[in-house]
Amino acid sequence: MRRAAARAAGTAAIALVMVPALFPLYWMVISSLKGPQELQTIPPTWWPRSPSLSAFTEVFDAVPFGAAFVNSLLLAGLATASVLVTSVLAGYVFAKCRFRGREALFWGVVATMFLPPVVTLVPLYWMVSSLGLADTYLGVLLPWLANPFGVFLMRQFVADVPDELLDAARIDGAGELRIVWRVVTPLLKPAVVSLAIFSFVFYWNSFIWPLSILQDDAKFPVVLALSQLLSYSTSVQYQNVVMAGALIASLPTIAVFLVAQRVFVASLSRTGVKG
Amino acid sequence: MKTTQVLALGAAVMVVAAGCGGGGTDRPAATKISFLTHWGPDQVKALEAAATAFEKQNPGTTVDIRAVPFGNLLTTLRTQGASPNGPTIAGIYDLWLPELVRDGLAASMPADAAAELAASWPKNLVEGVTKQGAPRGYPNEVDLYALNYNKKLFQQAGIAQPPRTWAELEDAAAKLTGNGTQGFGVITSWPAGAVHPWLSLVTSNGGALIDGTTPKLDDPRTVAATQLYARLIAKGSTKPEMSNANANTTGPYLDNFVNGRTGMIIMANWWQSALKDAMGDRYQDVGVAPVPVGPDGTKSAPVSYSWLTVVNGKADQARQQAAWKFLTYLNGGSSGRNGSSAMGDILTSMGILPSRTGDLEAHKAELSDPFLSVYVRELPNAVPFPSVPGGEAMSQTVQKHLENVIFGKETPEAAMSAAQKEIPGVLQKAGT
Amino acid sequence: MRRSAAVAFLSPAMLVIGLFTVVPIALTFWISLHEWSMYTPLGDMAWRGFGNYADLAADDGFSTALGNTALYVALVVVVTLPLSVALGMLLYFPKAAGKGVARAVLFSTYVVPTVAIAIVWGGLYAPSYGPLSVLFGGATWLSAPGTALVSLVIFHVWQMTGYYTVLVIAGLTQIPGDLYEAARIDGAGFWRQTAHVTLPLLRRTTVFIGLVSIINAIQVFDPVYILTQGGPAESTAVLSFAIQRSAFQHGLAGQASAMAFTLLVLLVALGGVFLAAVRRRS
């Protein structure tokens, strides 16, 4: 009986927390179903008077949304893959390898995170475009191939891996790359997955950098394509379309998250078995 | 990964760095020019159609249209303007022109284009785009301010006609106020939205923002407009919390007017399309009248500003020539319908006033629409917003002090004298 | 571990971060010593020495932005950190229905592009008629200088807490279950388990989240840019917005870079203090 009551209390607490989290999302969904006039109405309607899905098709006509979607998948996917590799490798070295200047170098990397990216936009644009990479995917991707946040996150988690495990693997004759791949990474699954999700969302939603470096709108990622609809003379006309586009644009990351959740659950049961 | 692979990767980066430093020197077979604009998708499509027509007549030239959101236009110009891959043509706000000319980014017009400009545009606009002795581009969009009011609310309050003077404005505002409605709306959190309507009241009171490079904010005729704001707020006829705008130029200020919660507001003609989109049938309640005249003014004198297309002075000669050729075509009488330029057609499709004399003529029917016609009639009285280097920074300084008055943080007199003191330094930084 | 392997593992990340983050920061410092509109090539800047820094000291706009940023960061961290730990525990420990769904919902708040969700929040916050104004008795939210910054903090917390909660859950999975078993055998209740097992073992994660939430709060730009443009009456003009406005709107890249570099120096100093404090405790 007490178990059931506790379970009910837990469920109720979670439900309570969900209300403020869901409400703005709910508002976004109904905004995508309203027309431009209803969106501007005072007081706002809490449910669309005549819900319409037309914004979801209009977004494909108003901007090259399908192509933008593919561009975003490509850019965010490649950046995420690269960030995972570079971060795990660097995090491993920072956590498990002693060398002179390690702390200084590591905290130097961490310090670079503090500066708002808008600050270095101009020098960065200048550098990448003088490499001849303006208006190319490679130009967008180059600064995205590694990320101080990823290095920091991975070091924090690799530090928790017991040295004995690594030493045992070394005695078995495993190379360092094999240790990282076979011993460290599996233990860090939740952290690696968190980083993958973080990177994917971060690059998927990036705006200022792609806007600065890309010129041809056929290369634009989703967020850039949507923002084109918010020009001053059209922002009323297309507000529902932007909402619809943003909802579609959120689906891949939510899908990635749903898949990733299984990893959490799996690792949860693993620690349970071990305990 | 092995050390060698890492080294190879590093080497590859270096090679790229070394090899591509001088990109863009090899001469392309076709001249490729690009046109940077902040227009929405429909107008971009129309512009692309004009570009295609031009390409057919001029084989060997391709015109690429690039659209960015309004808020990112200046950012894009700053990051890309000076680079060899930067836009060849850009549609710009006239306030930005002095700095672009100073830094060599707005080329002077070739003789034939300049002659076309002199022949087909009103003289005051040609003067507006002439900097350092040379015209810098074709003006296109013109915007000016007028009083927009809600006829239905006027009727309910028993007000027969829109106010012509400040006294009538205060009187009408007081009558319209009540029941969640404000009589007169102001705009905040947006430099032009805050400053232009206020300045339209100043200029309609015989005042000015600056004279040459001397600020005129402590002039009694300028202070009077700020005091008018303070009085309206004190009486509750203007509600500061209804004034917000956001980066997309929508927000509470627009919602409140659209929904009959703001009786009057001073706004520019371009927002007609926003009103139509947002109001539907209720759009017929919108009335337009000249900006009310102040006690020291003789006539309504609304602020105006314009947009123009400039050619990047950093582009190579072939591109610059092709760019002027395209602009002359786009702004010429043969590219549009009924003697209008293609540019004129695009602008009027947005409810925006074109500036070329022939375009105004060709679009007479659209421009006689009750909303636009008041603006068209006021055009000769318009006072261009001063375009000096540092103009954007100056606007923001004025905005800051105006908002301090609106939100009760400064008295009108203190705000204006503070702005008067700050502006010389602001202008000096930009080299005025 | 062999030296060559260490170098090979470290190089890719260091190369990219060095080239595309450190070099631009160095260039930012170089620019801060000049006057530059960004319309001219980097080589043509006019030398100003430390003039831009001297100007900042006299500029009350800079101190306003610094104050706004400090307040924003403090509020964000004070709310986010306990909230995400509590939510993480709520979505990890209890046997309850819908935990998976709840995690996905929390996380979706982080996923939706800011360009769109900021507009939604603008509507929710609309004065007098917006849902949040109706629910909270006519609160002014973004429309008054006294409440605008706090409103942006609430939006930030809403947007970011889901992600931090996921990090907390990831951290919780690393805590061996037998520790709780042992604590239970010792008769420890929920609060003592939290105080003596969960929080100490989660420390690395919480330090990390603390740091990252500070960074994210300092860098806040999009919501300010989209919703308030620093207003009303400069009440939400945080540093990243002031830097962007100065550089891109006003064409004063030298001054903007001086602001940025001053921020970096201040942060490194504060970070040093923070780090020393953390070290001493451990």
# chains A, B, ... in the order shown; residues from 1 in each chain; ligands from 1
call {"tool": "residues_around", "arguments": {"residues": "stretch 42-51 of chain C", "least_positions_apart": "4", "cutoff": "10 Å", "atoms": "only C-alpha atoms", "output": "VMD selection string"}}
result
(chain A and resid 122 to 123 126) or (chain B and resid 82) or (chain C and resid 27 30 to 38 55 to 56 254 to 255 258)
call {"tool": "residues_around", "arguments": {"residues": "stretch 198-204 of chain C", "least_positions_apart": "6", "cutoff": "9 Å", "atoms": "only C-alpha atoms", "output": "compact mmCIF listing (two decimals) with C-alpha atoms, in the first residue's frame"}}
result
# COMPACT_ATOMS: atom_id res chain seq x y z
CA GLN A 156 35.09 15.52 -15.80
CA PHE A 157 33.67 12.11 -16.58
CA VAL C 85 19.34 18.82 -9.18
CA VAL C 168 22.16 15.53 -13.46
CA GLY C 171 25.61 12.01 -13.12
CA LEU C 172 23.17 10.10 -10.92
CA GLN C 174 27.27 6.98 -12.12
CA ILE C 175 26.54 6.66 -8.40
CA TYR C 180 22.28 3.77 -1.06
call {"tool": "interface_residues", "arguments": {"of": "chain A", "to": "chain B", "cutoff": "8 Å", "atoms": "only C-alpha atoms", "output": "ChimeraX atom specification"}}
result
/A:36-42,62-63,122,125-126,129-132,134,177,211-212,215-217,227-237
call {"tool": "closest_residue", "arguments": {"among": "B:Gly137, B:Pro59, B:Pro389, B:Pro412", "to": "chain C", "atoms": "only C-alpha atoms"}}
result
B:Pro389
call {"tool": "atom_distance", "arguments": {"atom1": "atom CA of A:Met28", "atom2": "atom CA of C:Ala233"}}
result
28.7 Å
call {"tool": "closest_residue", "arguments": {"among": "C:Ala8, C:Val101, C:Val16, C:Val268", "to": "chain B", "atoms": "only C-alpha atoms"}}
result
C:Ala8
call {"tool": "residues_around", "arguments": {"residues": "stretch 246-263 of chain A", "least_positions_apart": "4", "cutoff": "8 Å", "atoms": "only C-alpha atoms", "output": "number ranges by chain"}}
result
A: 29, 69, 189-190, 193, 197, 200-201, 222-223, 226, 242, 267; C: 100, 104, 107-108, 111-113, 116
call {"tool": "write_last_selection", "arguments": {"atoms": "N, CA and C atoms", "output": "mmCIF file, in the first residue's frame"}}
result
data_model
loop_
_atom_site.group_PDB
_atom_site.id
_atom_site.type_symbol
_atom_site.label_atom_id
_atom_site.label_comp_id
_atom_site.auth_asym_id
_atom_site.auth_seq_id
_atom_site.Cartn_x
_atom_site.Cartn_y
_atom_site.Cartn_z
ATOM 1 N N VAL A 29 2.449 25.265 -30.242
ATOM 2 C CA VAL A 29 1.682 24.386 -31.124
ATOM 3 C C VAL A 29 0.401 25.083 -31.577
ATOM 4 N N PHE A 69 16.494 21.565 -44.268
ATOM 5 C CA PHE A 69 16.457 20.478 -43.293
ATOM 6 C C PHE A 69 17.642 19.532 -43.503
ATOM 7 N N LYS A 189 29.035 6.062 -21.357
ATOM 8 C CA LYS A 189 27.917 6.189 -22.294
ATOM 9 C C LYS A 189 26.967 7.344 -21.983
ATOM 10 N N PRO A 190 26.473 7.462 -20.745
ATOM 11 C CA PRO A 190 25.537 8.575 -20.487
ATOM 12 C C PRO A 190 26.161 9.932 -20.801
ATOM 13 N N VAL A 193 26.568 10.379 -24.556
ATOM 14 C CA VAL A 193 25.260 10.642 -25.153
ATOM 15 C C VAL A 193 24.800 12.073 -24.829
ATOM 16 N N ILE A 197 23.957 14.869 -27.649
ATOM 17 C CA ILE A 197 22.704 15.622 -27.708
ATOM 18 C C ILE A 197 22.971 17.116 -27.646
ATOM 19 N N PHE A 200 24.507 18.311 -30.923
ATOM 20 C CA PHE A 200 23.563 18.294 -32.035
ATOM 21 C C PHE A 200 22.595 19.469 -31.931
ATOM 22 N N VAL A 201 22.041 19.673 -30.739
ATOM 23 C CA VAL A 201 21.099 20.781 -30.563
ATOM 24 C C VAL A 201 21.789 22.121 -30.776
ATOM 25 N N VAL A 222 18.159 25.166 -41.334
ATOM 26 C CA VAL A 222 16.753 25.447 -41.030
ATOM 27 C C VAL A 222 16.527 26.786 -40.324
ATOM 28 N N VAL A 223 17.304 27.039 -39.282
ATOM 29 C CA VAL A 223 17.061 28.246 -38.488
ATOM 30 C C VAL A 223 17.235 29.505 -39.342
ATOM 31 N N LEU A 226 14.221 29.856 -41.663
ATOM 32 C CA LEU A 226 13.031 30.364 -40.965
ATOM 33 C C LEU A 226 13.152 31.851 -40.662
ATOM 34 N N VAL A 242 6.498 30.346 -39.167
ATOM 35 C CA VAL A 242 7.751 30.175 -38.423
ATOM 36 C C VAL A 242 7.564 29.166 -37.287
ATOM 37 N N SER A 267 22.142 1.986 -18.904
ATOM 38 C CA SER A 267 23.262 2.157 -17.992
ATOM 39 C C SER A 267 22.767 2.115 -16.550
ATOM 40 N N GLY C 100 9.892 8.730 -18.375
ATOM 41 C CA GLY C 100 10.503 8.877 -19.699
ATOM 42 C C GLY C 100 9.880 10.029 -20.458
ATOM 43 N N ALA C 104 11.558 13.664 -21.670
ATOM 44 C CA ALA C 104 11.490 14.128 -23.054
ATOM 45 C C ALA C 104 10.866 15.517 -23.122
ATOM 46 N N PHE C 107 13.261 18.071 -21.849
ATOM 47 C CA PHE C 107 14.333 18.266 -22.797
ATOM 48 C C PHE C 107 13.877 19.040 -24.033
ATOM 49 N N SER C 108 12.621 18.846 -24.424
ATOM 50 C CA SER C 108 12.130 19.569 -25.614
ATOM 51 C C SER C 108 12.207 21.075 -25.430
ATOM 52 N N VAL C 111 15.289 22.150 -26.861
ATOM 53 C CA VAL C 111 15.515 21.811 -28.260
ATOM 54 C C VAL C 111 14.924 22.823 -29.235
ATOM 55 N N VAL C 112 13.778 23.375 -28.886
ATOM 56 C CA VAL C 112 13.072 24.255 -29.830
ATOM 57 C C VAL C 112 13.923 25.492 -30.145
ATOM 58 N N PRO C 113 14.099 25.824 -31.424
ATOM 59 C CA PRO C 113 14.946 26.964 -31.781
ATOM 60 C C PRO C 113 14.511 28.267 -31.093
ATOM 61 N N ALA C 116 12.173 30.933 -32.679
ATOM 62 C CA ALA C 116 10.724 30.786 -32.636
ATOM 63 C C ALA C 116 10.183 30.857 -31.216
#
call {"tool": "residues_around", "arguments": {"residues": "stretch 102-110 of chain B", "least_positions_apart": "2", "cutoff": "7 Å", "atoms": "only C-alpha atoms", "output": "PyMOL selection string"}}
result
(chain B and resi 98-100+112-114+134-137+310-314) or (chain C and resi 39-40)
call {"tool": "interface_residues", "arguments": {"of": "chain C", "to": "chain A", "cutoff": "6 Å", "atoms": "only C-alpha atoms", "output": "count of residues only"}}
result
21
call {"tool": "decode", "arguments": {"residues": "stretch 254-290 of chain B", "atoms": "N, CA and C atoms", "output": "short mmCIF file (atom, residue, chain, number, x, y, z; two decimals), in the first residue's frame"}}
result
data_model
loop_
_atom_site.label_atom_id
_atom_site.label_comp_id
_atom_site.auth_asym_id
_atom_site.auth_seq_id
_atom_site.Cartn_x
_atom_site.Cartn_y
_atom_site.Cartn_z
N LEU B 254 2.08 46.99 -31.40
CA LEU B 254 1.30 46.66 -32.59
C LEU B 254 -0.02 45.99 -32.20
N ASP B 255 0.07 44.99 -31.31
CA ASP B 255 -1.14 44.27 -30.86
C ASP B 255 -2.17 45.26 -30.32
N ASN B 256 -1.71 46.22 -29.52
CA ASN B 256 -2.64 47.15 -28.90
C ASN B 256 -3.34 48.03 -29.92
N PHE B 257 -2.63 48.48 -30.93
CA PHE B 257 -3.28 49.30 -31.95
C PHE B 257 -4.24 48.46 -32.79
N VAL B 258 -3.75 47.28 -33.17
CA VAL B 258 -4.55 46.38 -34.01
C VAL B 258 -5.87 46.01 -33.33
N ASN B 259 -5.84 45.89 -32.01
CA ASN B 259 -7.02 45.44 -31.29
C ASN B 259 -7.82 46.57 -30.65
N GLY B 260 -7.62 47.78 -31.14
CA GLY B 260 -8.42 48.89 -30.64
C GLY B 260 -8.16 49.24 -29.20
N ARG B 261 -6.92 48.96 -28.72
CA ARG B 261 -6.58 49.36 -27.35
C ARG B 261 -5.71 50.60 -27.35
N THR B 262 -5.33 51.04 -28.54
CA THR B 262 -4.57 52.28 -28.67
C THR B 262 -5.36 53.16 -29.63
N GLY B 263 -5.71 54.36 -29.19
CA GLY B 263 -6.51 55.24 -30.03
C GLY B 263 -5.72 55.84 -31.18
N MET B 264 -4.51 56.31 -30.86
CA MET B 264 -3.69 56.98 -31.87
C MET B 264 -2.24 56.56 -31.69
N ILE B 265 -1.51 56.53 -32.79
CA ILE B 265 -0.08 56.24 -32.74
C ILE B 265 0.56 56.87 -33.98
N ILE B 266 1.77 57.35 -33.83
CA ILE B 266 2.47 57.91 -34.99
C ILE B 266 3.36 56.82 -35.57
N MET B 267 3.09 56.43 -36.80
CA MET B 267 3.86 55.34 -37.42
C MET B 267 4.11 55.61 -38.90
N ALA B 268 5.05 54.81 -39.45
CA ALA B 268 5.45 55.00 -40.85
C ALA B 268 4.56 54.17 -41.78
N ASN B 269 4.55 54.55 -43.04
CA ASN B 269 3.65 53.93 -44.01
C ASN B 269 3.91 52.44 -44.24
N TRP B 270 5.16 51.97 -44.02
CA TRP B 270 5.45 50.57 -44.36
C TRP B 270 4.63 49.60 -43.54
N TRP B 271 4.14 50.02 -42.37
CA TRP B 271 3.46 49.03 -41.53
C TRP B 271 2.04 48.75 -42.03
N GLN B 272 1.64 49.36 -43.15
CA GLN B 272 0.32 49.07 -43.70
C GLN B 272 0.11 47.57 -43.90
N SER B 273 1.14 46.89 -44.44
CA SER B 273 0.96 45.46 -44.70
C SER B 273 0.81 44.69 -43.39
N ALA B 274 1.52 45.11 -42.36
CA ALA B 274 1.37 44.45 -41.05
C ALA B 274 -0.05 44.66 -40.52
N LEU B 275 -0.58 45.89 -40.67
CA LEU B 275 -1.94 46.17 -40.19
C LEU B 275 -2.96 45.32 -40.94
N LYS B 276 -2.79 45.24 -42.26
CA LYS B 276 -3.74 44.46 -43.07
C LYS B 276 -3.70 42.99 -42.66
N ASP B 277 -2.48 42.44 -42.54
CA ASP B 277 -2.33 41.03 -42.17
C ASP B 277 -2.95 40.76 -40.80
N ALA B 278 -2.77 41.70 -39.88
CA ALA B 278 -3.19 41.45 -38.51
C ALA B 278 -4.67 41.77 -38.27
N MET B 279 -5.22 42.74 -39.02
CA MET B 279 -6.55 43.23 -38.69
C MET B 279 -7.68 42.63 -39.52
N GLY B 280 -7.38 42.18 -40.70
CA GLY B 280 -8.44 41.66 -41.55
C GLY B 280 -9.49 42.73 -41.81
N ASP B 281 -10.77 42.40 -41.51
CA ASP B 281 -11.87 43.34 -41.78
C ASP B 281 -11.74 44.64 -40.98
N ARG B 282 -11.15 44.52 -39.79
CA ARG B 282 -11.07 45.71 -38.93
C ARG B 282 -10.12 46.76 -39.49
N TYR B 283 -9.38 46.41 -40.54
CA TYR B 283 -8.46 47.37 -41.14
C TYR B 283 -9.19 48.64 -41.57
N GLN B 284 -10.49 48.49 -41.88
CA GLN B 284 -11.25 49.68 -42.32
C GLN B 284 -11.42 50.73 -41.22
N ASP B 285 -11.14 50.34 -39.96
CA ASP B 285 -11.21 51.32 -38.87
C ASP B 285 -10.01 52.25 -38.82
N VAL B 286 -8.97 51.92 -39.60
CA VAL B 286 -7.73 52.70 -39.49
C VAL B 286 -7.86 54.01 -40.27
N GLY B 287 -7.62 55.12 -39.58
CA GLY B 287 -7.61 56.41 -40.24
C GLY B 287 -6.20 56.99 -40.20
N VAL B 288 -5.88 57.86 -41.14
CA VAL B 288 -4.56 58.46 -41.19
C VAL B 288 -4.70 59.97 -41.28
N ALA B 289 -3.87 60.68 -40.55
CA ALA B 289 -3.88 62.14 -40.60
C ALA B 289 -2.46 62.64 -40.42
N PRO B 290 -2.19 63.89 -40.85
CA PRO B 290 -0.84 64.43 -40.66
C PRO B 290 -0.48 64.51 -39.18
#
